[in-house]
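Asker: This is the structure I want to talk about, given as structure tokens.
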Amino acid sequence: MRVVIAGSSGSIGTALVAALRRDGHDVVRLVRRPAAARDEFSWDPIRAQVPERALRGSDAAINLCGAGVGRRRWNGSYKQELRDSRITPTDVLATAVAAAGVPTLINASGVHYYGGTTGDRVVTETSPAGTGFLGTLCRDWEAATKPAEDAGARVVYIRSALVLSRHGGLLKLLEPLYSLGLGGRLGNGRQYVPWISLADEIGAIAFALTHDTLRGPVNMAGPAPVTNAEFSRALALALHRPAPLVVPSVALRLLIGEFAEEAILHGPRAIPTALEEAGYPFRHHTIGQALASIFAD
């Protein structure tokens, strides 16, 4: 297949490009700087400029654009940046996909679509959108794909959980702390931490690319959700270190602000119903398997 990817410079995008090429796909990257390689095309989502020849003859487009939600403390301007970095590129790319007749659009989203007040209740792809900033952001992000859907494209929303990788994201921050014996649960530890290994995130995106039965929302989450306390114990076990500490909820709210309330002290108990029903073969079924594999490398 010929696959066009926007947002390929991050850890997920880099791994996805490599995996798709290993599988024999022809991958084209949309970049926001001057194109410097034969597989690159420059685009400018702010000015709604997408080279027509980049999408011509493509079988699918994958959009992974979006600033990191935990990269900075949230304030009004950064929350607007989080929205603009997702919704504008999605709308522009979906419109270009529609104009070029690309049959499939796979678009990033987040498992916090369901909000953080679901407690112990299991949520699937049919569960309603949650409230709060992240729930609203994910809902509007997915809605921005409407031009492609209206044109008849198969649109898949990949509602990603916390992607576990030693080389990026949360694990990169936690590994040195846990290695020093400074790990532990956050708050009361009963909140759920939706997770997926990087290997399964990439594998599931590639699976969605080639399985036409998948469309609409797809939870990119491991099959066995865990609480924060269980996650902390599993990480300590994988690193052969104790995790005796407890970070009180009030400290997290003071240090991190609104992000702590929405994404750290609360989380949905999301399960990957769509992937399991479609027959995706998970590499890592439990958090223990995932962490053992990650830290064995």
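Scheme for the structure tokens: letters A, B, ... for chains in order shown; per-chain residue numbers from 1; ligand numbers from 1 in order shown.
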If DSSP is run on the backbone, what residues of range 1-240 of chain A are helix (DSSP H, G or I)? A reply as a VMD selection string would be ideal.

Answerer: chain A and resid 11 to 22 45 to 47 52 to 55 76 to 100 111 to 114 132 to 143 146 to 150 169 to 179 198 to 210 228 to 239

Asker: Go ahead and save the residues from that selection, with C-alpha atoms, as an mmCIF file, in the first residue's frame.

Answerer:
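In the end it all went to selection-v3.cif:
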data_model
loop_
_atom_site.group_PDB
_atom_site.id
_atom_site.type_symbol
_atom_site.label_atom_id
_atom_site.label_comp_id
_atom_site.auth_asym_id
_atom_site.auth_seq_id
_atom_site.Cartn_x
_atom_site.Cartn_y
_atom_site.Cartn_z
ATOM 1 C CA SER A 11 8.325 8.242 18.869
ATOM 2 C CA ILE A 12 5.130 6.586 17.614
ATOM 3 C CA GLY A 13 5.433 8.033 14.107
ATOM 4 C CA THR A 14 9.087 7.038 13.776
ATOM 5 C CA ALA A 15 8.368 3.476 14.876
ATOM 6 C CA LEU A 16 5.313 3.269 12.622
ATOM 7 C CA VAL A 17 7.197 4.407 9.510
ATOM 8 C CA ALA A 18 9.887 1.789 10.126
ATOM 9 C CA ALA A 19 7.336 -0.981 10.773
ATOM 10 C CA LEU A 20 5.251 -0.209 7.680
ATOM 11 C CA ARG A 21 8.346 -0.178 5.490
ATOM 12 C CA ARG A 22 9.436 -3.532 6.911
ATOM 13 C CA PRO A 45 -1.901 23.000 7.885
ATOM 14 C CA ILE A 46 -2.142 26.576 9.176
ATOM 15 C CA ARG A 47 -2.538 27.818 5.591
ATOM 16 C CA GLU A 52 -2.062 17.255 -4.214
ATOM 17 C CA ARG A 53 0.684 14.977 -5.560
ATOM 18 C CA ALA A 54 1.483 13.798 -2.029
ATOM 19 C CA LEU A 55 -1.915 12.116 -1.750
ATOM 20 C CA GLY A 76 -5.286 29.006 28.639
ATOM 21 C CA SER A 77 -2.732 29.455 25.876
ATOM 22 C CA TYR A 78 -1.352 25.919 26.084
ATOM 23 C CA LYS A 79 -4.806 24.381 26.100
ATOM 24 C CA GLN A 80 -5.522 26.344 22.936
ATOM 25 C CA GLU A 81 -2.270 25.038 21.447
ATOM 26 C CA LEU A 82 -3.341 21.474 22.268
ATOM 27 C CA ARG A 83 -6.583 22.062 20.379
ATOM 28 C CA ASP A 84 -5.015 23.908 17.431
ATOM 29 C CA SER A 85 -2.266 21.306 16.974
ATOM 30 C CA ARG A 86 -4.891 18.572 16.613
ATOM 31 C CA ILE A 87 -8.102 19.942 15.181
ATOM 32 C CA THR A 88 -6.696 22.224 12.472
ATOM 33 C CA PRO A 89 -4.310 19.653 10.908
ATOM 34 C CA THR A 90 -7.028 16.998 11.077
ATOM 35 C CA ASP A 91 -9.564 19.168 9.282
ATOM 36 C CA VAL A 92 -7.030 20.181 6.614
ATOM 37 C CA LEU A 93 -5.829 16.616 6.015
ATOM 38 C CA ALA A 94 -9.370 15.191 6.004
ATOM 39 C CA THR A 95 -10.391 17.780 3.414
ATOM 40 C CA ALA A 96 -7.366 16.885 1.257
ATOM 41 C CA VAL A 97 -8.125 13.161 1.648
ATOM 42 C CA ALA A 98 -11.659 13.808 0.463
ATOM 43 C CA ALA A 99 -10.484 15.832 -2.544
ATOM 44 C CA ALA A 100 -7.914 13.204 -3.559
ATOM 45 C CA VAL A 111 -8.698 7.114 25.382
ATOM 46 C CA HIS A 112 -9.529 10.103 27.583
ATOM 47 C CA TYR A 113 -12.375 10.672 25.126
ATOM 48 C CA TYR A 114 -14.407 8.898 27.820
ATOM 49 C CA GLY A 132 -13.755 17.968 30.928
ATOM 50 C CA PHE A 133 -11.083 19.407 28.680
ATOM 51 C CA LEU A 134 -9.664 16.119 27.363
ATOM 52 C CA GLY A 135 -13.054 14.571 26.671
ATOM 53 C CA THR A 136 -14.143 17.647 24.732
ATOM 54 C CA LEU A 137 -10.797 17.850 22.923
ATOM 55 C CA CYS A 138 -10.987 14.235 21.735
ATOM 56 C CA ARG A 139 -14.603 14.618 20.646
ATOM 57 C CA ASP A 140 -13.829 17.727 18.586
ATOM 58 C CA TRP A 141 -10.643 16.135 17.236
ATOM 59 C CA GLU A 142 -12.544 13.165 15.879
ATOM 60 C CA ALA A 143 -15.299 15.396 14.495
ATOM 61 C CA LYS A 146 -15.926 14.700 8.858
ATOM 62 C CA PRO A 147 -14.857 15.898 5.363
ATOM 63 C CA ALA A 148 -13.197 12.527 4.705
ATOM 64 C CA GLU A 149 -16.109 10.570 6.134
ATOM 65 C CA ASP A 150 -18.621 12.586 4.087
ATOM 66 C CA GLY A 169 6.657 9.256 27.253
ATOM 67 C CA LEU A 170 5.958 8.488 30.893
ATOM 68 C CA LEU A 171 8.306 5.514 31.253
ATOM 69 C CA LYS A 172 11.287 7.618 30.241
ATOM 70 C CA LEU A 173 10.480 9.932 33.156
ATOM 71 C CA LEU A 174 9.674 7.191 35.670
ATOM 72 C CA GLU A 175 12.539 4.759 35.045
ATOM 73 C CA PRO A 176 15.276 6.846 36.732
ATOM 74 C CA LEU A 177 13.024 7.583 39.730
ATOM 75 C CA TYR A 178 12.067 3.949 40.220
ATOM 76 C CA SER A 179 15.694 2.871 39.710
ATOM 77 C CA LEU A 198 4.551 0.640 21.808
ATOM 78 C CA ALA A 199 4.797 -2.682 19.952
ATOM 79 C CA ASP A 200 1.033 -3.169 20.177
ATOM 80 C CA GLU A 201 0.269 0.469 19.361
ATOM 81 C CA ILE A 202 2.243 0.121 16.125
ATOM 82 C CA GLY A 203 0.933 -3.369 15.454
ATOM 83 C CA ALA A 204 -2.683 -2.301 15.970
ATOM 84 C CA ILE A 205 -2.350 0.732 13.673
ATOM 85 C CA ALA A 206 -0.878 -1.487 10.956
ATOM 86 C CA PHE A 207 -3.696 -3.983 11.582
ATOM 87 C CA ALA A 208 -6.329 -1.236 11.214
ATOM 88 C CA LEU A 209 -4.668 -0.154 7.986
ATOM 89 C CA THR A 210 -5.232 -3.522 6.333
ATOM 90 C CA ASN A 228 -2.304 3.083 39.370
ATOM 91 C CA ALA A 229 -1.296 1.010 42.397
ATOM 92 C CA GLU A 230 -1.055 -2.132 40.234
ATOM 93 C CA PHE A 231 0.893 -0.242 37.571
ATOM 94 C CA SER A 232 3.352 1.033 40.201
ATOM 95 C CA ARG A 233 3.916 -2.462 41.610
ATOM 96 C CA ALA A 234 4.429 -3.923 38.130
ATOM 97 C CA LEU A 235 6.954 -1.233 37.199
ATOM 98 C CA ALA A 236 8.864 -1.724 40.441
ATOM 99 C CA LEU A 237 8.942 -5.478 39.821
ATOM 100 C CA ALA A 238 10.201 -5.016 36.253
ATOM 101 C CA LEU A 239 13.020 -2.788 37.507
#

Asker: Please return, as a ChimeraX atom specification, all residues of range 108-230 of chain A that DSSP assigns to strand (DSSP E) on the basis of the backbone.

Answerer: /A:108-110,122-123,154-160,162-164,184-186,192-193,195-197,216-220,226-227

Asker: Val31 in chain A: which residues within 7 Å, counting only C-alpha atoms, same-chain residues fewer than 6 positions away excluded, as JSON, numbers by chain?

Answerer: {"A": [6, 40, 41, 42, 43]}

Asker: With N, CA and C atoms retained, could you export that selection as a PDB file, in the first residue's frame?

Answerer:
ATOM      1  N   ALA A   6       1.180  11.976   8.447  1.00  0.00           N
ATOM      2  CA  ALA A   6       1.439  13.292   9.026  1.00  0.00           C
ATOM      3  C   ALA A   6       1.726  13.101  10.513  1.00  0.00           C
ATOM      4  N   GLU A  40       9.504  12.734   1.334  1.00  0.00           N
ATOM      5  CA  GLU A  40       8.890  13.827   2.068  1.00  0.00           C
ATOM      6  C   GLU A  40       8.164  14.805   1.144  1.00  0.00           C
ATOM      7  N   PHE A  41       7.060  15.363   1.667  1.00  0.00           N
ATOM      8  CA  PHE A  41       6.366  16.477   1.038  1.00  0.00           C
ATOM      9  C   PHE A  41       6.089  17.519   2.115  1.00  0.00           C
ATOM     10  N   SER A  42       6.345  18.777   1.814  1.00  0.00           N
ATOM     11  CA  SER A  42       6.055  19.849   2.761  1.00  0.00           C
ATOM     12  C   SER A  42       4.563  20.179   2.726  1.00  0.00           C
ATOM     13  N   TRP A  43       4.000  20.388   3.900  1.00  0.00           N
ATOM     14  CA  TRP A  43       2.623  20.858   3.973  1.00  0.00           C
ATOM     15  C   TRP A  43       2.518  21.932   5.037  1.00  0.00           C
TER      16      TRP A  43
END

Asker: In terms of the shortest atom-to-atom distance over only C-alpha atoms, which of A:Arg215, A:Ala290, A:Gly152, A:Tyr157 is closest to Ser197 in chain A?

Answerer: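 Ranking A:Arg215, A:Ala290, A:Gly152, A:Tyr157 by distance to Ser197 in chain A, first place goes to A:Ala290.
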
Asker: Considering only C-alpha atoms, state which residue in the set A:Ala243, A:Ala296, A:Ile158, A:Val218 is at the smallest distance from Leu186 in chain A.

Answerer: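 Answer, going by the shortest atom-to-atom distance: A:Ala243.
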
Asker: Could you work out how far CA of Gly184 in chain A lies from CA of Val246 in chain A, giving the answer in Å with one decimal?

Answerer: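 CA of Gly184 in chain A lies at a distance of 5.4 Å from CA of Val246 in chain A.
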
Asker: Hey, can you check how far CA of Asp23 in chain A sits from CA of Thr104 in chain A?

Answerer: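 Calculated distance between CA of Asp23 in chain A and CA of Thr104 in chain A is 18.1 Å.
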